[in-house]
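Source file: work10.cif; contents: mmCIF, N, CA and C atoms.
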```
data_target
loop_
_atom_site.label_atom_id
_atom_site.label_comp_id
_atom_site.auth_asym_id
_atom_site.auth_seq_id
_atom_site.Cartn_x
_atom_site.Cartn_y
_atom_site.Cartn_z
N MET A 5 64.77 130.21 71.50
CA MET A 5 65.85 130.29 72.49
C MET A 5 66.25 131.76 72.61
N THR A 6 66.29 132.24 73.84
CA THR A 6 66.70 133.63 74.06
C THR A 6 68.19 133.75 73.83
N SER A 7 68.65 134.98 73.65
CA SER A 7 70.06 135.17 73.32
C SER A 7 70.98 134.74 74.45
N ASP A 8 70.57 134.92 75.73
CA ASP A 8 71.44 134.46 76.81
C ASP A 8 71.49 132.94 76.86
N GLN A 9 70.41 132.28 76.50
CA GLN A 9 70.43 130.81 76.44
C GLN A 9 71.32 130.32 75.29
N ALA A 10 71.31 131.04 74.17
CA ALA A 10 72.19 130.69 73.05
C ALA A 10 73.65 130.87 73.45
N ILE A 11 73.93 131.92 74.21
CA ILE A 11 75.31 132.16 74.67
C ILE A 11 75.72 131.05 75.62
N ILE A 12 74.83 130.65 76.51
CA ILE A 12 75.13 129.55 77.45
C ILE A 12 75.39 128.26 76.67
N SER A 13 74.62 128.03 75.64
CA SER A 13 74.82 126.84 74.81
C SER A 13 76.20 126.86 74.15
N ILE A 14 76.60 128.01 73.62
CA ILE A 14 77.92 128.15 72.99
C ILE A 14 79.02 127.98 74.03
N LEU A 15 78.86 128.59 75.20
CA LEU A 15 79.86 128.46 76.26
C LEU A 15 80.02 127.00 76.69
N THR A 16 78.90 126.29 76.77
CA THR A 16 78.95 124.87 77.14
C THR A 16 79.72 124.08 76.09
N GLU A 17 79.47 124.39 74.82
CA GLU A 17 80.20 123.72 73.73
C GLU A 17 81.68 124.05 73.80
N GLN A 18 82.00 125.28 74.14
CA GLN A 18 83.41 125.67 74.26
C GLN A 18 84.08 124.89 75.40
N VAL A 19 83.40 124.78 76.53
CA VAL A 19 83.95 124.03 77.66
C VAL A 19 84.21 122.58 77.23
N ASN A 20 83.25 121.97 76.56
CA ASN A 20 83.41 120.59 76.11
C ASN A 20 84.56 120.45 75.12
N SER A 21 84.68 121.39 74.20
CA SER A 21 85.74 121.33 73.20
C SER A 21 87.11 121.57 73.82
N TYR A 22 87.20 122.49 74.78
CA TYR A 22 88.47 122.69 75.47
C TYR A 22 88.86 121.47 76.30
N ARG A 23 87.87 120.78 76.84
CA ARG A 23 88.14 119.55 77.58
C ARG A 23 88.70 118.48 76.64
N ILE A 24 88.15 118.40 75.44
CA ILE A 24 88.65 117.46 74.43
C ILE A 24 90.10 117.82 74.07
N LEU A 25 90.36 119.11 73.88
CA LEU A 25 91.72 119.56 73.55
C LEU A 25 92.69 119.20 74.66
N LEU A 26 92.29 119.38 75.91
CA LEU A 26 93.15 119.02 77.03
C LEU A 26 93.44 117.52 77.04
N ASP A 27 92.42 116.71 76.77
CA ASP A 27 92.62 115.26 76.70
C ASP A 27 93.59 114.89 75.58
N LEU A 28 93.48 115.58 74.45
CA LEU A 28 94.39 115.33 73.33
C LEU A 28 95.82 115.70 73.70
N LEU A 29 95.99 116.79 74.43
CA LEU A 29 97.32 117.20 74.86
C LEU A 29 97.92 116.17 75.82
N LYS A 30 97.08 115.59 76.65
CA LYS A 30 97.57 114.53 77.56
C LYS A 30 98.01 113.31 76.76
N GLU A 31 97.24 112.96 75.73
CA GLU A 31 97.62 111.83 74.87
C GLU A 31 98.89 112.15 74.10
N GLU A 32 99.02 113.40 73.67
CA GLU A 32 100.21 113.82 72.96
C GLU A 32 101.44 113.67 73.87
N ARG A 33 101.28 114.03 75.13
CA ARG A 33 102.38 113.90 76.09
C ARG A 33 102.83 112.44 76.18
N LYS A 34 101.87 111.53 76.25
CA LYS A 34 102.22 110.10 76.30
C LYS A 34 102.98 109.69 75.04
N GLY A 35 102.50 110.17 73.89
CA GLY A 35 103.18 109.86 72.63
C GLY A 35 104.59 110.42 72.58
N LEU A 36 104.77 111.62 73.12
CA LEU A 36 106.10 112.23 73.14
C LEU A 36 107.04 111.48 74.07
N VAL A 37 106.53 111.06 75.20
CA VAL A 37 107.37 110.31 76.14
C VAL A 37 107.79 108.98 75.53
N ASN A 38 106.87 108.34 74.80
CA ASN A 38 107.15 107.04 74.18
C ASN A 38 107.77 107.16 72.80
N LEU A 39 108.01 108.39 72.34
CA LEU A 39 108.54 108.66 71.00
C LEU A 39 107.74 107.93 69.92
N ASP A 40 106.41 108.03 70.02
CA ASP A 40 105.50 107.38 69.08
C ASP A 40 105.07 108.40 68.03
N ALA A 41 105.84 108.50 66.95
CA ALA A 41 105.61 109.52 65.92
C ALA A 41 104.25 109.37 65.26
N GLU A 42 103.82 108.15 65.02
CA GLU A 42 102.53 107.92 64.35
C GLU A 42 101.38 108.44 65.22
N LYS A 43 101.46 108.16 66.52
CA LYS A 43 100.42 108.62 67.44
C LYS A 43 100.42 110.14 67.51
N ILE A 44 101.60 110.74 67.56
CA ILE A 44 101.71 112.20 67.64
C ILE A 44 101.11 112.84 66.38
N GLU A 45 101.38 112.26 65.23
CA GLU A 45 100.83 112.80 63.98
C GLU A 45 99.31 112.72 63.97
N HIS A 46 98.77 111.59 64.42
CA HIS A 46 97.31 111.42 64.47
C HIS A 46 96.69 112.44 65.43
N ILE A 47 97.29 112.62 66.58
CA ILE A 47 96.78 113.57 67.57
C ILE A 47 96.87 115.00 67.04
N SER A 48 97.92 115.30 66.31
CA SER A 48 98.09 116.63 65.74
C SER A 48 96.93 116.97 64.80
N LYS A 49 96.52 116.01 64.00
CA LYS A 49 95.38 116.23 63.09
C LYS A 49 94.10 116.44 63.88
N GLU A 50 93.91 115.66 64.94
CA GLU A 50 92.72 115.83 65.78
C GLU A 50 92.72 117.19 66.46
N LYS A 51 93.89 117.62 66.92
CA LYS A 51 94.00 118.93 67.56
C LYS A 51 93.64 120.05 66.59
N ASP A 52 94.09 119.93 65.35
CA ASP A 52 93.76 120.95 64.34
C ASP A 52 92.24 121.06 64.17
N THR A 53 91.57 119.92 64.15
CA THR A 53 90.11 119.91 63.99
C THR A 53 89.44 120.58 65.19
N VAL A 54 89.89 120.25 66.40
CA VAL A 54 89.30 120.82 67.61
C VAL A 54 89.56 122.32 67.67
N VAL A 55 90.76 122.74 67.32
CA VAL A 55 91.09 124.18 67.35
C VAL A 55 90.23 124.94 66.34
N MET A 56 89.99 124.35 65.17
CA MET A 56 89.13 125.00 64.18
C MET A 56 87.71 125.15 64.74
N ARG A 57 87.24 124.10 65.39
CA ARG A 57 85.91 124.15 66.00
C ARG A 57 85.86 125.24 67.08
N LEU A 58 86.91 125.32 67.88
CA LEU A 58 86.95 126.35 68.93
C LEU A 58 86.94 127.76 68.35
N ARG A 59 87.62 127.95 67.23
CA ARG A 59 87.61 129.28 66.58
C ARG A 59 86.19 129.65 66.14
N LEU A 60 85.50 128.68 65.54
CA LEU A 60 84.13 128.93 65.10
C LEU A 60 83.21 129.23 66.28
N LEU A 61 83.38 128.47 67.36
CA LEU A 61 82.56 128.70 68.55
C LEU A 61 82.84 130.08 69.15
N GLU A 62 84.09 130.49 69.16
CA GLU A 62 84.45 131.81 69.69
C GLU A 62 83.85 132.91 68.84
N GLU A 63 83.91 132.76 67.53
CA GLU A 63 83.31 133.76 66.64
C GLU A 63 81.81 133.86 66.89
N GLU A 64 81.15 132.72 67.07
CA GLU A 64 79.71 132.72 67.32
C GLU A 64 79.40 133.35 68.68
N ARG A 65 80.23 133.06 69.68
CA ARG A 65 80.03 133.64 71.02
C ARG A 65 80.14 135.16 70.95
N VAL A 66 81.15 135.65 70.27
CA VAL A 66 81.34 137.10 70.13
C VAL A 66 80.15 137.71 69.40
N ARG A 67 79.67 137.04 68.36
CA ARG A 67 78.51 137.54 67.60
C ARG A 67 77.28 137.60 68.49
N LEU A 68 77.04 136.53 69.24
CA LEU A 68 75.86 136.48 70.10
C LEU A 68 75.92 137.53 71.22
N ILE A 69 77.09 137.73 71.78
CA ILE A 69 77.22 138.75 72.84
C ILE A 69 77.01 140.14 72.25
N GLY A 70 77.54 140.37 71.04
CA GLY A 70 77.31 141.65 70.37
C GLY A 70 75.83 141.87 70.09
N GLU A 71 75.17 140.81 69.67
CA GLU A 71 73.73 140.88 69.41
C GLU A 71 72.96 141.17 70.70
N PHE A 72 73.36 140.53 71.78
CA PHE A 72 72.73 140.77 73.08
C PHE A 72 72.91 142.23 73.49
N ALA A 73 74.12 142.75 73.34
CA ALA A 73 74.40 144.14 73.70
C ALA A 73 73.54 145.09 72.87
N GLU A 74 73.45 144.80 71.59
CA GLU A 74 72.66 145.66 70.70
C GLU A 74 71.18 145.66 71.09
N HIS A 75 70.63 144.49 71.38
CA HIS A 75 69.22 144.37 71.74
C HIS A 75 68.90 145.03 73.09
N ASN A 76 69.91 145.12 73.93
CA ASN A 76 69.68 145.69 75.27
C ASN A 76 70.23 147.10 75.41
N GLY A 77 70.61 147.71 74.30
CA GLY A 77 71.06 149.09 74.31
C GLY A 77 72.38 149.33 75.02
N ILE A 78 73.24 148.33 75.01
CA ILE A 78 74.55 148.45 75.65
C ILE A 78 75.57 148.73 74.55
N GLU A 79 76.36 149.80 74.72
CA GLU A 79 77.27 150.20 73.66
C GLU A 79 78.69 149.69 73.84
N LYS A 80 79.01 149.15 74.99
CA LYS A 80 80.38 148.71 75.22
C LYS A 80 80.47 147.19 75.04
N ASP A 81 81.71 146.72 74.97
CA ASP A 81 81.93 145.28 74.92
C ASP A 81 81.54 144.69 76.27
N ILE A 82 80.89 143.55 76.22
CA ILE A 82 80.41 142.93 77.45
C ILE A 82 81.31 141.74 77.78
N THR A 83 81.77 141.70 79.01
CA THR A 83 82.50 140.52 79.48
C THR A 83 81.50 139.50 79.97
N LEU A 84 81.97 138.28 80.19
CA LEU A 84 81.07 137.24 80.69
C LEU A 84 80.59 137.56 82.11
N VAL A 85 81.44 138.20 82.89
CA VAL A 85 81.03 138.60 84.24
C VAL A 85 79.88 139.59 84.15
N THR A 86 80.03 140.59 83.29
CA THR A 86 78.98 141.59 83.11
C THR A 86 77.71 140.95 82.55
N LEU A 87 77.87 140.05 81.61
CA LEU A 87 76.72 139.37 81.03
C LEU A 87 75.96 138.58 82.10
N GLY A 88 76.70 137.91 82.98
CA GLY A 88 76.06 137.17 84.07
C GLY A 88 75.29 138.09 84.99
N GLU A 89 75.86 139.27 85.27
CA GLU A 89 75.19 140.25 86.13
C GLU A 89 73.94 140.79 85.46
N LEU A 90 74.04 141.07 84.17
CA LEU A 90 72.88 141.64 83.45
C LEU A 90 71.74 140.64 83.32
N THR A 91 72.08 139.38 83.09
CA THR A 91 71.03 138.37 82.89
C THR A 91 70.59 137.71 84.18
N HIS A 92 71.34 137.95 85.26
CA HIS A 92 71.08 137.30 86.56
C HIS A 92 71.11 135.79 86.43
N ASN A 93 71.94 135.32 85.51
CA ASN A 93 72.07 133.87 85.27
C ASN A 93 73.39 133.42 85.88
N GLU A 94 73.32 132.59 86.92
CA GLU A 94 74.52 132.16 87.63
C GLU A 94 75.33 131.14 86.85
N LEU A 95 74.76 130.58 85.80
CA LEU A 95 75.47 129.59 84.99
C LEU A 95 76.59 130.24 84.17
N ILE A 96 76.40 131.48 83.77
CA ILE A 96 77.40 132.16 82.94
C ILE A 96 78.73 132.34 83.68
N PRO A 97 78.74 132.87 84.92
CA PRO A 97 80.03 132.95 85.62
C PRO A 97 80.64 131.57 85.91
N GLU A 98 79.80 130.58 86.13
CA GLU A 98 80.31 129.22 86.36
C GLU A 98 81.00 128.68 85.11
N LEU A 99 80.39 128.89 83.95
CA LEU A 99 81.00 128.46 82.69
C LEU A 99 82.28 129.23 82.42
N ARG A 100 82.29 130.51 82.76
CA ARG A 100 83.50 131.33 82.61
C ARG A 100 84.63 130.76 83.47
N SER A 101 84.29 130.39 84.69
CA SER A 101 85.28 129.82 85.59
C SER A 101 85.84 128.50 85.05
N ARG A 102 84.97 127.67 84.50
CA ARG A 102 85.42 126.41 83.90
C ARG A 102 86.34 126.66 82.72
N LEU A 103 85.97 127.64 81.90
CA LEU A 103 86.80 127.98 80.74
C LEU A 103 88.19 128.44 81.19
N LEU A 104 88.23 129.30 82.18
CA LEU A 104 89.53 129.79 82.67
C LEU A 104 90.38 128.65 83.21
N SER A 105 89.77 127.77 83.96
CA SER A 105 90.50 126.62 84.52
C SER A 105 91.05 125.73 83.41
N LEU A 106 90.21 125.45 82.42
CA LEU A 106 90.65 124.62 81.29
C LEU A 106 91.77 125.30 80.51
N LEU A 107 91.64 126.59 80.28
CA LEU A 107 92.67 127.32 79.53
C LEU A 107 94.01 127.32 80.28
N GLN A 108 93.97 127.44 81.60
CA GLN A 108 95.20 127.38 82.38
C GLN A 108 95.83 125.99 82.29
N SER A 109 95.00 124.95 82.37
CA SER A 109 95.51 123.58 82.26
C SER A 109 96.11 123.32 80.89
N ILE A 110 95.45 123.83 79.86
CA ILE A 110 95.94 123.66 78.49
C ILE A 110 97.27 124.38 78.32
N GLU A 111 97.38 125.58 78.88
CA GLU A 111 98.63 126.34 78.78
C GLU A 111 99.77 125.58 79.46
N GLU A 112 99.52 125.03 80.64
CA GLU A 112 100.54 124.26 81.35
C GLU A 112 100.94 123.02 80.57
N MET A 113 99.95 122.32 80.02
CA MET A 113 100.23 121.11 79.26
C MET A 113 101.01 121.45 77.99
N ASN A 114 100.68 122.55 77.36
CA ASN A 114 101.42 122.99 76.17
C ASN A 114 102.87 123.27 76.50
N ARG A 115 103.11 123.94 77.63
CA ARG A 115 104.50 124.23 78.04
C ARG A 115 105.26 122.94 78.28
N PHE A 116 104.62 122.00 78.97
CA PHE A 116 105.27 120.72 79.26
C PHE A 116 105.57 119.96 77.97
N ASN A 117 104.59 119.92 77.06
CA ASN A 117 104.79 119.22 75.79
C ASN A 117 105.87 119.88 74.95
N THR A 118 105.98 121.20 75.03
CA THR A 118 107.02 121.91 74.30
C THR A 118 108.41 121.48 74.80
N VAL A 119 108.55 121.32 76.10
CA VAL A 119 109.82 120.84 76.66
C VAL A 119 110.12 119.44 76.14
N LEU A 120 109.10 118.58 76.13
CA LEU A 120 109.30 117.22 75.63
C LEU A 120 109.68 117.21 74.15
N ILE A 121 109.05 118.07 73.38
CA ILE A 121 109.37 118.15 71.95
C ILE A 121 110.81 118.63 71.76
N ASP A 122 111.21 119.64 72.52
CA ASP A 122 112.59 120.13 72.43
C ASP A 122 113.59 119.04 72.77
N ARG A 123 113.30 118.28 73.81
CA ARG A 123 114.20 117.19 74.20
C ARG A 123 114.22 116.09 73.14
N SER A 124 113.07 115.80 72.55
CA SER A 124 113.02 114.79 71.49
C SER A 124 113.83 115.23 70.28
N LEU A 125 113.70 116.51 69.92
CA LEU A 125 114.47 117.03 68.79
C LEU A 125 115.96 116.97 69.07
N GLN A 126 116.34 117.28 70.30
CA GLN A 126 117.76 117.21 70.67
C GLN A 126 118.26 115.77 70.55
N HIS A 127 117.43 114.82 70.97
CA HIS A 127 117.79 113.40 70.87
C HIS A 127 117.97 112.99 69.40
N VAL A 128 117.06 113.44 68.56
CA VAL A 128 117.14 113.12 67.13
C VAL A 128 118.39 113.75 66.52
N ARG A 129 118.67 114.99 66.87
CA ARG A 129 119.87 115.66 66.34
C ARG A 129 121.14 114.95 66.78
N THR A 130 121.18 114.54 68.03
CA THR A 130 122.35 113.84 68.55
C THR A 130 122.53 112.51 67.84
N SER A 131 121.44 111.77 67.67
CA SER A 131 121.50 110.49 66.97
C SER A 131 121.92 110.68 65.52
N SER A 132 121.38 111.71 64.89
CA SER A 132 121.72 111.99 63.50
C SER A 132 123.20 112.33 63.36
N SER A 133 123.71 113.12 64.27
CA SER A 133 125.14 113.47 64.24
C SER A 133 126.00 112.23 64.43
N PHE A 134 125.57 111.35 65.32
CA PHE A 134 126.30 110.12 65.54
C PHE A 134 126.36 109.28 64.26
N PHE A 135 125.23 109.11 63.61
CA PHE A 135 125.21 108.31 62.38
C PHE A 135 125.93 109.00 61.23
N ASN A 136 125.89 110.32 61.21
CA ASN A 136 126.61 111.06 60.18
C ASN A 136 128.12 110.96 60.37
N SER A 137 128.56 110.65 61.57
CA SER A 137 129.99 110.49 61.80
C SER A 137 130.54 109.26 61.05
N PHE A 138 129.66 108.40 60.62
CA PHE A 138 130.06 107.23 59.84
C PHE A 138 129.82 107.44 58.35
N SER A 139 129.82 108.69 57.93
CA SER A 139 129.49 109.01 56.54
C SER A 139 130.52 108.43 55.58
N THR A 140 130.22 108.53 54.32
CA THR A 140 131.07 107.95 53.27
C THR A 140 132.41 108.65 53.13
N GLU A 141 132.59 109.79 53.77
CA GLU A 141 133.88 110.48 53.69
C GLU A 141 134.99 109.64 54.32
N HIS A 142 134.64 108.84 55.31
CA HIS A 142 135.63 108.06 56.04
C HIS A 142 135.77 106.64 55.49
N THR A 143 134.91 106.25 54.60
CA THR A 143 134.97 104.90 54.04
C THR A 143 135.42 104.98 52.59
N PRO A 144 136.13 103.98 52.12
CA PRO A 144 136.59 104.03 50.72
C PRO A 144 135.39 103.97 49.78
N PRO A 145 135.52 104.63 48.64
CA PRO A 145 134.41 104.64 47.69
C PRO A 145 134.16 103.24 47.15
N ASN A 146 132.91 102.96 46.89
CA ASN A 146 132.50 101.67 46.34
C ASN A 146 132.66 101.73 44.83
N THR A 147 133.22 100.70 44.25
CA THR A 147 133.47 100.69 42.80
C THR A 147 132.20 100.38 42.03
N GLY A 148 131.23 99.83 42.68
CA GLY A 148 130.00 99.49 41.97
C GLY A 148 130.06 98.16 41.26
N VAL A 149 131.12 97.41 41.46
CA VAL A 149 131.27 96.12 40.81
C VAL A 149 130.85 95.04 41.79
N LEU A 150 130.02 94.15 41.31
CA LEU A 150 129.56 93.04 42.14
C LEU A 150 130.14 91.76 41.58
N LEU A 151 130.86 91.07 42.38
CA LEU A 151 131.46 89.81 41.97
C LEU A 151 130.67 88.68 42.57
N SER A 152 130.42 87.67 41.78
CA SER A 152 129.75 86.49 42.33
C SER A 152 130.59 85.27 42.04
N LYS A 153 130.48 84.32 42.86
CA LYS A 153 131.28 83.11 42.71
C LYS A 153 130.32 81.94 42.58
N GLU A 154 130.41 81.26 41.48
CA GLU A 154 129.57 80.09 41.28
C GLU A 154 130.33 78.85 41.65
N THR A 155 129.69 77.92 42.26
CA THR A 155 130.37 76.68 42.61
C THR A 155 129.84 75.51 41.83
#
```

Output the file's structure as structure tokens, nothing else.
Amino acid sequence: MTSDQAIISILTEQVNSYRILLDLLKEERKGLVNLDAEKIEHISKEKDTVVMRLRLLEEERVRLIGEFAEHNGIEKDITLVTLGELTHNELIPELRSRLLSLLQSIEEMNRFNTVLIDRSLQHVRTSSSFFNSFSTEHTPPNTGVLLSKET
């Protein structure tokens, strides 16, 4: 496999992984709306796994692009646009465009989910304050004695 084909393979994997992350964020939104803590926790673990995979893919992409630059006598950092021009491969700019679109969608979904999380936390704080208003300070202390009546 040539280095540009390896880069295309990595970019394709990144697109697929970002799509998975976006789907997880959509599921997280549903869990936040429904206040489903168990679902949110499960999704959070899945997101961590996907993000770790994305970090590894990004490191590999950077390595492969650096290797491509070195083999072709290019001394500067290469962008995906430049790489597409150098290789005359139209798939690279297309994958770049997909990545940008997915990243924008993920950013928007993250902002929306952050608002939902803030509202959920406010709801929990309000509920907690309400229940704390019935604290033991306002009720007489319990003596700890249990009386039973036998008949």

Inset, instruction - Carefully work through the PyMOL selection byres ((chain A and resi 96-100) around 7) for this structure and note down the residues it includes, as a PyMOL selection string. - result: chain A and resi 12+15-16+84-85+87-88+93-95+101-105

Legend entry - Non-local contacts of range 115-119 of chain A (12 Å; only C-alpha atoms; under 2 positions in same chain excluded) as a PyMOL selection string: chain A and resi 26+28-37+44+108-113+121-126

Inset, instruction - To one decimal in Å, tell me the separation between atom N of Glu62 in chain A and atom C of Tyr22 in chain A. - result: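 Atom-to-atom, atom N of Glu62 in chain A and atom C of Tyr22 in chain A are spaced 12.5 Å apart.
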
Legend entry - Length of the atom N of Glu45 in chain A to CA of Asp27 in chain A vector [Å]: 14.7 Å

Inset, instruction - Quote the spacing between CA of Ser7 in chain A and CA of Leu68 in chain A in Å to one decimal place. - result: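 Computing it gives 6.8 Å between the two atoms.
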
Residue completion, range 37-47 of chain A, all heavy atoms, as a PDB file, keeping the file's coordinate frame:
```pdb
ATOM      1  N   VAL A  37     106.530 111.060  75.200  1.00  0.00           N
ATOM      2  CA  VAL A  37     107.370 110.310  76.140  1.00  0.00           C
ATOM      3  C   VAL A  37     107.790 108.980  75.530  1.00  0.00           C
ATOM      4  O   VAL A  37     108.933 108.540  75.667  1.00  0.00           O
ATOM      5  CB  VAL A  37     106.619 110.086  77.478  1.00  0.00           C
ATOM      6  CG1 VAL A  37     107.322 109.065  78.347  1.00  0.00           C
ATOM      7  CG2 VAL A  37     106.467 111.413  78.218  1.00  0.00           C
ATOM      8  N   ASN A  38     106.870 108.340  74.800  1.00  0.00           N
ATOM      9  CA  ASN A  38     107.150 107.040  74.180  1.00  0.00           C
ATOM     10  C   ASN A  38     107.770 107.160  72.800  1.00  0.00           C
ATOM     11  O   ASN A  38     108.021 106.150  72.140  1.00  0.00           O
ATOM     12  CB  ASN A  38     105.868 106.213  74.090  1.00  0.00           C
ATOM     13  CG  ASN A  38     105.315 105.860  75.445  1.00  0.00           C
ATOM     14  OD1 ASN A  38     106.057 105.652  76.394  1.00  0.00           O
ATOM     15  ND2 ASN A  38     104.001 105.803  75.542  1.00  0.00           N
ATOM     16  N   LEU A  39     108.010 108.390  72.340  1.00  0.00           N
ATOM     17  CA  LEU A  39     108.540 108.660  71.000  1.00  0.00           C
ATOM     18  C   LEU A  39     107.740 107.930  69.920  1.00  0.00           C
ATOM     19  O   LEU A  39     108.284 107.329  69.010  1.00  0.00           O
ATOM     20  CB  LEU A  39     110.026 108.279  70.920  1.00  0.00           C
ATOM     21  CG  LEU A  39     110.963 109.063  71.823  1.00  0.00           C
ATOM     22  CD1 LEU A  39     112.375 108.491  71.767  1.00  0.00           C
ATOM     23  CD2 LEU A  39     110.963 110.529  71.453  1.00  0.00           C
ATOM     24  N   ASP A  40     106.410 108.030  70.020  1.00  0.00           N
ATOM     25  CA  ASP A  40     105.500 107.380  69.080  1.00  0.00           C
ATOM     26  C   ASP A  40     105.070 108.400  68.030  1.00  0.00           C
ATOM     27  O   ASP A  40     104.060 109.099  68.183  1.00  0.00           O
ATOM     28  CB  ASP A  40     104.290 106.829  69.839  1.00  0.00           C
ATOM     29  CG  ASP A  40     103.361 105.996  68.973  1.00  0.00           C
ATOM     30  OD1 ASP A  40     103.509 106.023  67.732  1.00  0.00           O
ATOM     31  OD2 ASP A  40     102.495 105.318  69.561  1.00  0.00           O
ATOM     32  N   ALA A  41     105.840 108.500  66.950  1.00  0.00           N
ATOM     33  CA  ALA A  41     105.610 109.520  65.920  1.00  0.00           C
ATOM     34  C   ALA A  41     104.250 109.370  65.260  1.00  0.00           C
ATOM     35  O   ALA A  41     103.582 110.369  64.960  1.00  0.00           O
ATOM     36  CB  ALA A  41     106.715 109.457  64.870  1.00  0.00           C
ATOM     37  N   GLU A  42     103.820 108.150  65.020  1.00  0.00           N
ATOM     38  CA  GLU A  42     102.530 107.920  64.350  1.00  0.00           C
ATOM     39  C   GLU A  42     101.380 108.440  65.220  1.00  0.00           C
ATOM     40  O   GLU A  42     100.457 109.084  64.723  1.00  0.00           O
ATOM     41  CB  GLU A  42     102.360 106.425  64.075  1.00  0.00           C
ATOM     42  CG  GLU A  42     101.194 106.105  63.171  1.00  0.00           C
ATOM     43  CD  GLU A  42     101.179 104.636  62.802  1.00  0.00           C
ATOM     44  OE1 GLU A  42     102.191 104.151  62.265  1.00  0.00           O
ATOM     45  OE2 GLU A  42     100.153 103.991  63.053  1.00  0.00           O
ATOM     46  N   LYS A  43     101.460 108.160  66.520  1.00  0.00           N
ATOM     47  CA  LYS A  43     100.420 108.620  67.440  1.00  0.00           C
ATOM     48  C   LYS A  43     100.420 110.140  67.510  1.00  0.00           C
ATOM     49  O   LYS A  43      99.354 110.770  67.503  1.00  0.00           O
ATOM     50  CB  LYS A  43     100.658 108.022  68.824  1.00  0.00           C
ATOM     51  CG  LYS A  43      99.616 108.395  69.847  1.00  0.00           C
ATOM     52  CD  LYS A  43      99.885 107.688  71.165  1.00  0.00           C
ATOM     53  CE  LYS A  43      98.784 107.950  72.160  1.00  0.00           C
ATOM     54  NZ  LYS A  43      98.998 107.206  73.407  1.00  0.00           N
ATOM     55  N   ILE A  44     101.600 110.740  67.560  1.00  0.00           N
ATOM     56  CA  ILE A  44     101.710 112.200  67.640  1.00  0.00           C
ATOM     57  C   ILE A  44     101.110 112.840  66.380  1.00  0.00           C
ATOM     58  O   ILE A  44     100.410 113.852  66.462  1.00  0.00           O
ATOM     59  CB  ILE A  44     103.170 112.621  67.843  1.00  0.00           C
ATOM     60  CG1 ILE A  44     103.662 112.140  69.213  1.00  0.00           C
ATOM     61  CG2 ILE A  44     103.339 114.123  67.709  1.00  0.00           C
ATOM     62  CD1 ILE A  44     105.146 112.246  69.407  1.00  0.00           C
ATOM     63  N   GLU A  45     101.380 112.260  65.230  1.00  0.00           N
ATOM     64  CA  GLU A  45     100.830 112.800  63.980  1.00  0.00           C
ATOM     65  C   GLU A  45      99.310 112.720  63.970  1.00  0.00           C
ATOM     66  O   GLU A  45      98.632 113.683  63.589  1.00  0.00           O
ATOM     67  CB  GLU A  45     101.402 112.035  62.784  1.00  0.00           C
ATOM     68  CG  GLU A  45     100.926 112.570  61.459  1.00  0.00           C
ATOM     69  CD  GLU A  45     101.500 111.811  60.270  1.00  0.00           C
ATOM     70  OE1 GLU A  45     102.341 110.922  60.462  1.00  0.00           O
ATOM     71  OE2 GLU A  45     101.069 112.117  59.148  1.00  0.00           O
ATOM     72  N   HIS A  46      98.770 111.590  64.420  1.00  0.00           N
ATOM     73  CA  HIS A  46      97.310 111.420  64.470  1.00  0.00           C
ATOM     74  C   HIS A  46      96.690 112.440  65.430  1.00  0.00           C
ATOM     75  O   HIS A  46      95.679 113.079  65.102  1.00  0.00           O
ATOM     76  CB  HIS A  46      96.980 109.989  64.915  1.00  0.00           C
ATOM     77  CG  HIS A  46      95.523 109.737  65.101  1.00  0.00           C
ATOM     78  ND1 HIS A  46      94.650 109.624  64.042  1.00  0.00           N
ATOM     79  CD2 HIS A  46      94.779 109.596  66.225  1.00  0.00           C
ATOM     80  CE1 HIS A  46      93.433 109.421  64.516  1.00  0.00           C
ATOM     81  NE2 HIS A  46      93.487 109.393  65.835  1.00  0.00           N
ATOM     82  N   ILE A  47      97.290 112.620  66.580  1.00  0.00           N
ATOM     83  CA  ILE A  47      96.780 113.570  67.570  1.00  0.00           C
ATOM     84  C   ILE A  47      96.870 115.000  67.040  1.00  0.00           C
ATOM     85  O   ILE A  47      95.969 115.812  67.259  1.00  0.00           O
ATOM     86  CB  ILE A  47      97.532 113.419  68.906  1.00  0.00           C
ATOM     87  CG1 ILE A  47      97.133 112.091  69.565  1.00  0.00           C
ATOM     88  CG2 ILE A  47      97.269 114.589  69.838  1.00  0.00           C
ATOM     89  CD1 ILE A  47      97.963 111.703  70.759  1.00  0.00           C
TER      90      ILE A  47
END
```
